[in-house]
Amino acid sequence: MNKYKYRKILKKYEGYLFISPWILGILVFFLLPVGYSIYISFTKWTILGKPVWIGLDNYSEIFRDKSFYNSLLVTFRYAVFAIPLGMIASFTIAFILNSDIKGLSFYRTIYYLPAVVSGVAVSLLWRWILDPEFGLINSLLAMVGIQGPGWLSDPAWVLPSYILVAIWGAGGGMITYLVGLKEVPSSLYESAEIDGAGFFTRLFRITIPMMTPILFYNLVMGIIGSFRKFTDAYILGGAGNQGKFYLVYLYENAFKFFKMGYATALAWVLFMIILMLTLLVFKSSSLWVYYESEEN
Amino acid sequence: MRIKDIELLNTKQKSGFKRKKITKKLIIHLLLIMGGITMLLPFFWMVSTSLKENSLLFQIPPKFIPSPVALHNYPDAINTIPYMRYLWNTTFITVSKALGEVFISAFIAFGFARFKFRGKKFLFLFLLATIMIPGEVTLIPMFIMWRKLGAIDTYVPLILPAFTGSAVFIFFLKQYFSAIPKELEEAARIDGCNSFQIFYKIFLPNAKPALITIGIWSFQGSWNDLMGPLIFLNSYKKFTLQLGLSMFQSLHKVEWGQLMAASVMTMIPVLIIFFMGQKYFTEGIKFTGIKG
């Protein structure tokens, strides 16, 4: 009897037992630092002394800070070009790969490789490839008689350099599109074919509308990814501060200039920007994202 | 028209279709091969550079196949970086983190997938919300907290948080666990298994593709991480490969041959892990998809 009762109590609380590591993590590694960071963002603190309360001064300073606007612009411009181009590239690769030909898994692996090996090594590789004099790209261009641009050493070419790297890594996003393409019912294509729909009609009337949830997901992830871009930007840099992405600027404030309060305020502004952009995309989704369940 | 004629017409049409299909396939192969070469060219260039004498690096037009082949860039890189120490440091951090993230996340996901308790819905929504909040918001306070605890320049700040699970992995595994038939669990309960036994005897083995998938993700993420080691580690001896590489290129005059040799060696472990788990990887993703 006692044993039974004991079991019943255990059963009631067992769920908590299993999720307890997460609860602990949320308290210690999330809520506590989040609370702490709100406080820090209202202080002036060079880490050595004591934090001095300055109210909203950090935030008002941000909006007067030219470097802040520069990093915002760099990040924003990158997002505007790299996200759509990357999405088109990923989708095209997935679209071509979604056919019944031999050696599919081989191709899939090759296109996915850039996503596997990201990190400092890849960024260094790109610095070498984009070397204005002896890099791969300009050497190849020189062979056909074209004088290549200065890439990272020319402010005007920094953004295209980053876009190039992003497109090369587009294979990473391919997986989600592949999964989505497999889920488009073949009956849709068959009936369209009977109705005499050509390749482009099928692409724009069936495939792309059916893929909008996945395009939506990748758009959101792309926005978050651009604002959290760090490793590439830290290693590649770029002339004229054109490679100073938001997170690099934040990192410099915190760990180079030791402006803890200011950098934390920058982190909160980053959070607000990501939140607003994500909400905007979510709001717009009813206009262009197709969900099957709504129809049924 | 006789039946035979119709049959003849049919076969003619069919072979026409077939020819069209073959050309279509050829075009697809051609496109894929061209794209594939573009994808692989940077890697090829990296390996080629790593095998070149310094004097050959600045040759125009560049030679893809180096002659003579200079293998010494590899031992040189191992000695100057110091590669072996960083390899060990990185492996230690990455493997510890992966063990924590995979098994603790699975433990937590099991709790969310298979038990009823008060506040579950709220807690799960909260979990999803934490995915949306960028880790950078907590970065600086975490640095200050670890500094107060005297844990800067140790691996504790890098590894310990992994042992409270990762929100993305918990979400992913919860989806996976929810699809495991209830009957399996009930049969085991009748046999006298407690919840913990059910977890590791039934759920863990059944979720092998998913566990391997997130294991690869975790490995990749920690192996390639720069920000964490950059902030929490100070002494050269404790650096990871990524941090070592980034320091190497900023301190020394850039020796592209050595640097590319070191880069090749840094990529290889991730590639091995990826190829070993690839079979499960696609299976794992396919299952959960992203629709959730």
# chains A, B, ... in the order shown; residues from 1 in each chain; ligands from 1
$ select_by_dssp --residues "range 42-193 of chain B" --states "alpha helix (DSSP H)" --output "NGL selection string"
:B and (42-50 or 54-57 or 73-80 or 83-99 or 105-114 or 120-132 or 136-148 or 156-159 or 167-178 or 182-190)
$ write_last_selection --atoms "C-alpha atoms" --output "short mmCIF file (atom, residue, chain, number, x, y, z; two decimals), in the first residue's frame"
data_model
loop_
_atom_site.label_atom_id
_atom_site.label_comp_id
_atom_site.auth_asym_id
_atom_site.auth_seq_id
_atom_site.Cartn_x
_atom_site.Cartn_y
_atom_site.Cartn_z
CA PRO B 42 38.36 26.44 -52.83
CA PHE B 43 39.16 23.19 -51.01
CA PHE B 44 41.39 22.11 -53.84
CA TRP B 45 43.14 25.46 -53.75
CA MET B 46 43.64 25.09 -50.01
CA VAL B 47 45.24 21.66 -50.29
CA SER B 48 47.31 22.79 -53.26
CA THR B 49 48.57 25.85 -51.34
CA SER B 50 49.44 23.71 -48.34
CA ASN B 54 56.69 29.70 -50.49
CA SER B 55 58.28 30.79 -53.74
CA LEU B 56 55.59 29.01 -55.74
CA LEU B 57 52.73 30.74 -53.95
CA ASN B 73 54.35 22.86 -44.39
CA TYR B 74 52.50 20.28 -42.31
CA PRO B 75 55.21 19.52 -39.72
CA ASP B 76 56.09 23.24 -39.71
CA ALA B 77 52.51 24.16 -38.90
CA ILE B 78 52.30 21.48 -36.21
CA ASN B 79 55.38 22.92 -34.53
CA THR B 80 54.64 26.62 -34.74
CA TYR B 83 48.85 22.03 -33.32
CA MET B 84 48.88 18.86 -31.21
CA ARG B 85 48.18 20.65 -27.96
CA TYR B 86 45.34 22.63 -29.52
CA LEU B 87 43.96 19.49 -31.11
CA TRP B 88 43.81 17.83 -27.72
CA ASN B 89 42.24 20.91 -26.06
CA THR B 90 39.62 21.21 -28.78
CA THR B 91 38.82 17.50 -28.72
CA PHE B 92 38.44 17.56 -24.95
CA ILE B 93 36.05 20.53 -25.01
CA THR B 94 34.10 19.34 -28.03
CA VAL B 95 33.58 15.78 -26.83
CA SER B 96 32.60 16.82 -23.30
CA LYS B 97 30.14 19.35 -24.66
CA ALA B 98 28.66 16.88 -27.14
CA LEU B 99 28.14 14.25 -24.43
CA SER B 105 19.01 17.16 -23.80
CA ALA B 106 17.58 13.69 -24.42
CA PHE B 107 16.87 13.29 -20.71
CA ILE B 108 15.02 16.60 -20.62
CA ALA B 109 13.21 15.94 -23.90
CA PHE B 110 11.98 12.64 -22.47
CA GLY B 111 10.48 14.56 -19.58
CA PHE B 112 8.68 16.95 -21.92
CA ALA B 113 7.54 14.22 -24.31
CA ARG B 114 6.28 11.56 -21.91
CA LYS B 120 4.39 21.90 -18.80
CA LYS B 121 2.87 23.90 -21.60
CA PHE B 122 4.20 27.17 -20.22
CA LEU B 123 7.66 25.73 -19.64
CA PHE B 124 7.82 24.34 -23.16
CA LEU B 125 6.78 27.67 -24.65
CA PHE B 126 9.44 29.29 -22.52
CA LEU B 127 11.96 26.84 -23.93
CA LEU B 128 10.98 27.83 -27.46
CA ALA B 129 11.26 31.50 -26.53
CA THR B 130 14.82 31.02 -25.30
CA ILE B 131 15.75 29.75 -28.76
CA MET B 132 14.74 33.12 -30.17
CA GLU B 136 24.98 37.47 -27.10
CA VAL B 137 22.58 39.07 -24.66
CA THR B 138 23.91 36.85 -21.87
CA LEU B 139 27.50 36.83 -23.10
CA ILE B 140 28.83 39.78 -21.12
CA PRO B 141 27.05 38.99 -17.82
CA MET B 142 28.24 35.38 -18.17
CA PHE B 143 31.79 36.64 -18.64
CA ILE B 144 31.49 38.80 -15.54
CA MET B 145 29.93 35.98 -13.51
CA TRP B 146 32.60 33.48 -14.47
CA ARG B 147 35.24 36.08 -13.76
CA LYS B 148 33.90 36.58 -10.24
CA VAL B 156 34.34 25.33 -17.14
CA PRO B 157 32.50 28.27 -18.82
CA LEU B 158 32.72 26.49 -22.15
CA ILE B 159 31.61 23.04 -21.02
CA ALA B 167 16.98 24.29 -26.17
CA VAL B 168 17.13 23.48 -29.90
CA PHE B 169 18.15 19.88 -29.27
CA ILE B 170 15.50 19.41 -26.58
CA PHE B 171 12.86 20.64 -29.02
CA PHE B 172 14.19 18.39 -31.79
CA LEU B 173 14.32 15.29 -29.58
CA LYS B 174 10.95 15.96 -28.01
CA GLN B 175 9.42 15.73 -31.49
CA TYR B 176 11.25 12.48 -32.05
CA PHE B 177 10.30 10.92 -28.71
CA SER B 178 6.65 11.88 -29.08
CA LYS B 182 3.06 4.26 -26.34
CA GLU B 183 2.71 0.45 -26.39
CA LEU B 184 6.48 0.00 -26.19
CA GLU B 185 6.57 2.03 -23.02
CA GLU B 186 3.56 0.30 -21.46
CA ALA B 187 4.93 -3.16 -22.13
CA ALA B 188 8.15 -2.21 -20.40
CA ARG B 189 6.26 -0.81 -17.41
CA ILE B 190 4.40 -4.10 -17.01
#
$ interface_residues --of "chain A" --to "chain B" --cutoff "6 Å" --atoms "only C-alpha atoms" --output "number ranges by chain"
A: 15, 18-19, 21-22, 25, 33-34, 37, 117, 119-121, 134, 267
$ closest_residue --among "A:Tyr111, A:Trp53, A:Tyr39, A:Trp157" --to "Asn241 in chain A" --atoms "only C-alpha atoms"
A:Trp157
$ residues_around --residues "Tyr155 in chain B" --least-positions-apart "6" --cutoff "9 Å" --atoms "only C-alpha atoms" --output "ChimeraX atom specification"
/B:93,229,232-233,238
$ write_last_selection --atoms "N, CA, C and O atoms" --output "PDB file, in the first residue's frame"
ATOM      1  N   ILE B  93      37.218  19.647 -25.176  1.00  0.00           N
ATOM      2  CA  ILE B  93      36.049  20.532 -25.011  1.00  0.00           C
ATOM      3  C   ILE B  93      34.868  20.025 -25.848  1.00  0.00           C
ATOM      4  O   ILE B  93      33.747  19.906 -25.364  1.00  0.00           O
ATOM      5  N   PRO B 229      35.805  30.471 -26.929  1.00  0.00           N
ATOM      6  CA  PRO B 229      37.210  30.401 -26.516  1.00  0.00           C
ATOM      7  C   PRO B 229      37.877  31.779 -26.506  1.00  0.00           C
ATOM      8  O   PRO B 229      38.673  32.082 -25.620  1.00  0.00           O
ATOM      9  N   PHE B 232      36.681  33.432 -23.171  1.00  0.00           N
ATOM     10  CA  PHE B 232      36.930  32.794 -21.880  1.00  0.00           C
ATOM     11  C   PHE B 232      38.368  32.314 -21.668  1.00  0.00           C
ATOM     12  O   PHE B 232      38.742  31.971 -20.557  1.00  0.00           O
ATOM     13  N   LEU B 233      39.161  32.197 -22.723  1.00  0.00           N
ATOM     14  CA  LEU B 233      40.516  31.666 -22.550  1.00  0.00           C
ATOM     15  C   LEU B 233      41.556  32.757 -22.768  1.00  0.00           C
ATOM     16  O   LEU B 233      41.428  33.583 -23.668  1.00  0.00           O
ATOM     17  N   LYS B 238      46.100  26.961 -23.414  1.00  0.00           N
ATOM     18  CA  LYS B 238      44.739  26.435 -23.285  1.00  0.00           C
ATOM     19  C   LYS B 238      43.892  26.671 -24.529  1.00  0.00           C
ATOM     20  O   LYS B 238      42.742  26.258 -24.579  1.00  0.00           O
TER      21      LYS B 238
END
$ residues_around --residues "range 212-216 of chain A" --least-positions-apart "2" --cutoff "12 Å" --atoms "only C-alpha atoms" --output "PyMOL selection string"
(chain A and resi 83-84+86-88+90-91+173-181+183-184+204-210+218-223+278+280-293) or (chain B and resi 289-292)
$ write_last_selection --atoms "N, CA and C atoms" --output "short mmCIF file (atom, residue, chain, number, x, y, z; two decimals), in the first residue's frame"
data_model
loop_
_atom_site.label_atom_id
_atom_site.label_comp_id
_atom_site.auth_asym_id
_atom_site.auth_seq_id
_atom_site.Cartn_x
_atom_site.Cartn_y
_atom_site.Cartn_z
N ILE A 83 20.89 37.26 -48.04
CA ILE A 83 19.80 36.34 -47.71
C ILE A 83 19.04 35.90 -48.97
N PRO A 84 18.51 36.85 -49.77
CA PRO A 84 17.79 36.39 -50.98
C PRO A 84 18.68 35.58 -51.93
N GLY A 86 21.37 33.88 -51.26
CA GLY A 86 21.65 32.58 -50.64
C GLY A 86 20.45 31.65 -50.74
N MET A 87 19.25 32.22 -50.53
CA MET A 87 18.05 31.39 -50.59
C MET A 87 17.82 30.88 -52.00
N ILE A 88 18.03 31.76 -52.99
CA ILE A 88 17.86 31.33 -54.38
C ILE A 88 18.86 30.23 -54.70
N SER A 90 20.41 28.11 -52.58
CA SER A 90 20.07 26.87 -51.87
C SER A 90 18.90 26.17 -52.56
N PHE A 91 17.88 26.98 -52.89
CA PHE A 91 16.69 26.39 -53.50
C PHE A 91 17.03 25.78 -54.86
N GLY A 173 21.89 25.37 -46.52
CA GLY A 173 20.45 25.57 -46.44
C GLY A 173 19.66 24.62 -47.33
N MET A 174 20.38 23.94 -48.21
CA MET A 174 19.75 23.04 -49.19
C MET A 174 18.93 21.94 -48.54
N ILE A 175 19.42 21.42 -47.39
CA ILE A 175 18.77 20.26 -46.76
C ILE A 175 17.29 20.53 -46.49
N THR A 176 16.98 21.73 -45.92
CA THR A 176 15.59 22.00 -45.58
C THR A 176 14.71 22.03 -46.84
N TYR A 177 15.24 22.60 -47.92
CA TYR A 177 14.46 22.63 -49.16
C TYR A 177 14.26 21.23 -49.73
N LEU A 178 15.30 20.41 -49.60
CA LEU A 178 15.19 19.03 -50.11
C LEU A 178 14.06 18.30 -49.40
N VAL A 179 14.04 18.44 -48.06
CA VAL A 179 12.98 17.80 -47.29
C VAL A 179 11.62 18.30 -47.77
N GLY A 180 11.52 19.62 -47.98
CA GLY A 180 10.26 20.21 -48.41
C GLY A 180 9.84 19.74 -49.80
N LEU A 181 10.80 19.67 -50.70
CA LEU A 181 10.47 19.28 -52.08
C LEU A 181 9.94 17.85 -52.14
N GLU A 183 8.12 16.56 -50.02
CA GLU A 183 6.78 16.50 -49.44
C GLU A 183 5.70 17.04 -50.38
N VAL A 184 6.09 17.65 -51.49
CA VAL A 184 5.09 18.15 -52.43
C VAL A 184 4.43 16.93 -53.10
N PHE A 204 6.34 27.98 -60.66
CA PHE A 204 5.84 29.16 -59.95
C PHE A 204 4.45 28.99 -59.37
N ARG A 205 3.69 28.01 -59.91
CA ARG A 205 2.32 27.84 -59.40
C ARG A 205 2.23 26.72 -58.38
N ILE A 206 3.14 25.75 -58.44
CA ILE A 206 3.06 24.63 -57.49
C ILE A 206 4.26 24.60 -56.55
N THR A 207 5.45 24.43 -57.14
CA THR A 207 6.60 24.18 -56.28
C THR A 207 6.86 25.33 -55.31
N ILE A 208 6.99 26.54 -55.84
CA ILE A 208 7.34 27.66 -54.95
C ILE A 208 6.25 27.94 -53.92
N PRO A 209 4.96 27.99 -54.32
CA PRO A 209 3.95 28.18 -53.27
C PRO A 209 4.00 27.10 -52.19
N MET A 210 4.23 25.85 -52.60
CA MET A 210 4.28 24.78 -51.60
C MET A 210 5.51 24.91 -50.71
N ASN A 218 13.70 29.84 -43.59
CA ASN A 218 15.06 30.22 -43.94
C ASN A 218 15.27 31.73 -43.92
N LEU A 219 14.21 32.47 -44.22
CA LEU A 219 14.30 33.93 -44.15
C LEU A 219 14.54 34.37 -42.71
N VAL A 220 13.75 33.80 -41.79
CA VAL A 220 13.92 34.15 -40.38
C VAL A 220 15.32 33.77 -39.90
N MET A 221 15.73 32.55 -40.22
CA MET A 221 17.06 32.11 -39.79
C MET A 221 18.15 32.98 -40.41
N GLY A 222 17.94 33.39 -41.66
CA GLY A 222 18.92 34.22 -42.35
C GLY A 222 19.09 35.57 -41.68
N ILE A 223 17.96 36.18 -41.28
CA ILE A 223 18.02 37.48 -40.61
C ILE A 223 18.78 37.35 -39.29
N THR A 278 11.92 39.88 -36.92
CA THR A 278 11.24 38.58 -36.93
C THR A 278 9.73 38.76 -36.88
N LEU A 280 8.08 41.32 -37.90
CA LEU A 280 7.68 41.87 -39.19
C LEU A 280 7.49 40.74 -40.21
N VAL A 281 8.46 39.83 -40.24
CA VAL A 281 8.38 38.71 -41.18
C VAL A 281 7.19 37.83 -40.83
N PHE A 282 6.99 37.59 -39.52
CA PHE A 282 5.86 36.77 -39.11
C PHE A 282 4.55 37.42 -39.53
N LYS A 283 4.44 38.74 -39.30
CA LYS A 283 3.24 39.48 -39.67
C LYS A 283 2.96 39.37 -41.17
N SER A 284 4.04 39.45 -41.95
CA SER A 284 3.86 39.44 -43.39
C SER A 284 3.55 38.02 -43.90
N SER A 285 3.76 37.03 -43.03
CA SER A 285 3.70 35.65 -43.53
C SER A 285 2.32 35.28 -44.05
N SER A 286 1.25 35.88 -43.46
CA SER A 286 -0.08 35.50 -43.91
C SER A 286 -0.30 35.92 -45.37
N LEU A 287 0.50 36.87 -45.83
CA LEU A 287 0.35 37.35 -47.21
C LEU A 287 0.98 36.40 -48.23
N TRP A 288 2.05 35.74 -47.81
CA TRP A 288 2.77 34.96 -48.81
C TRP A 288 3.10 33.53 -48.45
N VAL A 289 2.88 33.14 -47.19
CA VAL A 289 3.21 31.76 -46.82
C VAL A 289 1.95 30.91 -46.89
N TYR A 290 2.09 29.78 -47.57
CA TYR A 290 0.96 28.90 -47.76
C TYR A 290 1.02 27.76 -46.74
N TYR A 291 -0.03 27.63 -45.93
CA TYR A 291 -0.08 26.50 -45.00
C TYR A 291 -1.21 25.56 -45.40
N GLU A 292 -0.84 24.31 -45.57
CA GLU A 292 -1.79 23.32 -46.04
C GLU A 292 -3.04 23.23 -45.16
N SER A 293 -2.78 23.25 -43.82
CA SER A 293 -3.88 22.99 -42.89
C SER A 293 -5.00 24.03 -43.01
N GLY B 289 11.89 17.01 -39.93
CA GLY B 289 11.62 18.05 -40.90
C GLY B 289 11.83 19.38 -40.20
N ILE B 290 11.12 20.41 -40.62
CA ILE B 290 11.25 21.65 -39.87
C ILE B 290 9.87 22.17 -39.55
N LYS B 291 8.86 21.40 -39.99
CA LYS B 291 7.51 21.87 -39.73
C LYS B 291 7.17 21.68 -38.26
N GLY B 292 7.89 20.75 -37.61
CA GLY B 292 7.69 20.52 -36.17
C GLY B 292 6.33 19.94 -35.89
#
$ select_by_dssp --residues "range 20-81 of chain A" --states "strand (DSSP E)" --output "PyMOL selection string"
chain A and resi 43-44+52-53
$ residues_around --residues "Thr75 in chain A" --least-positions-apart "3" --cutoff "7 Å" --atoms "only C-alpha atoms" --output "list in words"
Ser71, Leu72, Tyr78, Ala79, Ser226, Phe227, Phe245 and Tyr246 of chain A
$ write_last_selection --atoms "N, CA and C atoms" --output "PDB file, in the first residue's frame"
ATOM      1  N   SER A  71      27.992  49.877 -38.323  1.00  0.00           N
ATOM      2  CA  SER A  71      27.907  48.421 -38.198  1.00  0.00           C
ATOM      3  C   SER A  71      26.498  47.924 -38.526  1.00  0.00           C
ATOM      4  N   LEU A  72      25.519  48.755 -38.170  1.00  0.00           N
ATOM      5  CA  LEU A  72      24.141  48.403 -38.492  1.00  0.00           C
ATOM      6  C   LEU A  72      23.943  48.369 -40.013  1.00  0.00           C
ATOM      7  N   TYR A  78      24.350  43.607 -45.907  1.00  0.00           N
ATOM      8  CA  TYR A  78      24.692  42.210 -46.128  1.00  0.00           C
ATOM      9  C   TYR A  78      23.422  41.353 -46.135  1.00  0.00           C
ATOM     10  N   ALA A  79      22.561  41.586 -45.146  1.00  0.00           N
ATOM     11  CA  ALA A  79      21.333  40.788 -45.039  1.00  0.00           C
ATOM     12  C   ALA A  79      20.482  40.941 -46.294  1.00  0.00           C
ATOM     13  N   SER A 226      22.541  36.846 -39.954  1.00  0.00           N
ATOM     14  CA  SER A 226      23.340  38.009 -40.346  1.00  0.00           C
ATOM     15  C   SER A 226      23.675  38.868 -39.140  1.00  0.00           C
ATOM     16  N   PHE A 227      22.705  39.002 -38.242  1.00  0.00           N
ATOM     17  CA  PHE A 227      22.971  39.849 -37.081  1.00  0.00           C
ATOM     18  C   PHE A 227      23.870  39.161 -36.069  1.00  0.00           C
ATOM     19  N   PHE A 245      30.801  44.018 -38.838  1.00  0.00           N
ATOM     20  CA  PHE A 245      29.425  43.602 -38.588  1.00  0.00           C
ATOM     21  C   PHE A 245      29.047  43.931 -37.142  1.00  0.00           C
ATOM     22  N   TYR A 246      27.753  43.907 -36.900  1.00  0.00           N
ATOM     23  CA  TYR A 246      27.236  44.326 -35.600  1.00  0.00           C
ATOM     24  C   TYR A 246      27.940  43.644 -34.436  1.00  0.00           C
TER      25      TYR A 246
END
$ closest_residue --among "B:Gly215, B:Gly257, B:Pro205, B:Pro68" --to "Phe281 in chain B" --atoms "only C-alpha atoms"
B:Gly215
$ residues_around --residues "Gly237 in chain A" --least-positions-apart "3" --cutoff "10 Å" --atoms "only C-alpha atoms" --output "list in words"
Arg127, Leu152, Ser153, Val158, Tyr162, Thr231, Asp232, Ala233, Tyr234, Gly240, Asn241, Gln242, Gly243, Lys244, Phe245 and Val248 of chain A
$ write_last_selection --atoms "N, CA and C atoms" --output "PDB file, in the first residue's frame"
ATOM      1  N   ARG A 127      40.231  34.372 -47.129  1.00  0.00           N
ATOM      2  CA  ARG A 127      41.143  35.517 -47.179  1.00  0.00           C
ATOM      3  C   ARG A 127      42.216  35.295 -48.233  1.00  0.00           C
ATOM      4  N   LEU A 152      38.678  42.474 -50.339  1.00  0.00           N
ATOM      5  CA  LEU A 152      38.581  42.965 -48.955  1.00  0.00           C
ATOM      6  C   LEU A 152      39.390  44.230 -48.702  1.00  0.00           C
ATOM      7  N   SER A 153      40.344  44.527 -49.602  1.00  0.00           N
ATOM      8  CA  SER A 153      41.144  45.719 -49.366  1.00  0.00           C
ATOM      9  C   SER A 153      40.555  46.953 -50.044  1.00  0.00           C
ATOM     10  N   VAL A 158      34.075  45.070 -50.363  1.00  0.00           N
ATOM     11  CA  VAL A 158      33.988  44.242 -49.152  1.00  0.00           C
ATOM     12  C   VAL A 158      32.667  43.481 -49.111  1.00  0.00           C
ATOM     13  N   TYR A 162      31.829  39.310 -49.040  1.00  0.00           N
ATOM     14  CA  TYR A 162      31.052  38.561 -48.052  1.00  0.00           C
ATOM     15  C   TYR A 162      29.899  37.806 -48.696  1.00  0.00           C
ATOM     16  N   THR A 231      32.445  35.004 -36.703  1.00  0.00           N
ATOM     17  CA  THR A 231      33.740  34.406 -37.055  1.00  0.00           C
ATOM     18  C   THR A 231      34.288  34.926 -38.377  1.00  0.00           C
ATOM     19  N   ASP A 232      33.469  34.860 -39.445  1.00  0.00           N
ATOM     20  CA  ASP A 232      33.875  35.380 -40.762  1.00  0.00           C
ATOM     21  C   ASP A 232      34.383  36.793 -40.640  1.00  0.00           C
ATOM     22  N   ALA A 233      33.526  37.612 -40.015  1.00  0.00           N
ATOM     23  CA  ALA A 233      33.785  39.049 -39.980  1.00  0.00           C
ATOM     24  C   ALA A 233      35.020  39.349 -39.143  1.00  0.00           C
ATOM     25  N   TYR A 234      35.214  38.574 -38.083  1.00  0.00           N
ATOM     26  CA  TYR A 234      36.367  38.789 -37.210  1.00  0.00           C
ATOM     27  C   TYR A 234      37.660  38.470 -37.956  1.00  0.00           C
ATOM     28  N   GLY A 240      38.085  50.053 -44.671  1.00  0.00           N
ATOM     29  CA  GLY A 240      37.151  51.145 -44.398  1.00  0.00           C
ATOM     30  C   GLY A 240      36.007  50.758 -43.490  1.00  0.00           C
ATOM     31  N   ASN A 241      36.236  49.860 -42.528  1.00  0.00           N
ATOM     32  CA  ASN A 241      35.196  49.420 -41.588  1.00  0.00           C
ATOM     33  C   ASN A 241      33.987  48.782 -42.274  1.00  0.00           C
ATOM     34  N   GLN A 242      34.149  48.433 -43.557  1.00  0.00           N
ATOM     35  CA  GLN A 242      33.016  47.869 -44.288  1.00  0.00           C
ATOM     36  C   GLN A 242      32.743  46.419 -43.891  1.00  0.00           C
ATOM     37  N   GLY A 243      33.686  45.829 -43.134  1.00  0.00           N
ATOM     38  CA  GLY A 243      33.462  44.451 -42.670  1.00  0.00           C
ATOM     39  C   GLY A 243      33.130  44.407 -41.198  1.00  0.00           C
ATOM     40  N   LYS A 244      32.856  45.560 -40.612  1.00  0.00           N
ATOM     41  CA  LYS A 244      32.584  45.587 -39.174  1.00  0.00           C
ATOM     42  C   LYS A 244      31.111  45.306 -38.921  1.00  0.00           C
ATOM     43  N   PHE A 245      30.801  44.018 -38.838  1.00  0.00           N
ATOM     44  CA  PHE A 245      29.425  43.602 -38.588  1.00  0.00           C
ATOM     45  C   PHE A 245      29.047  43.931 -37.142  1.00  0.00           C
ATOM     46  N   VAL A 248      30.800  42.154 -34.287  1.00  0.00           N
ATOM     47  CA  VAL A 248      32.221  42.489 -34.159  1.00  0.00           C
ATOM     48  C   VAL A 248      32.353  43.799 -33.388  1.00  0.00           C
TER      49      VAL A 248
END
$ residues_around --residues "range 144-147 of chain A" --least-positions-apart "3" --cutoff "12 Å" --atoms "only C-alpha atoms" --output "PyMOL selection string"
(chain A and resi 132-134+137-141+150-151) or (chain B and resi 60-61)
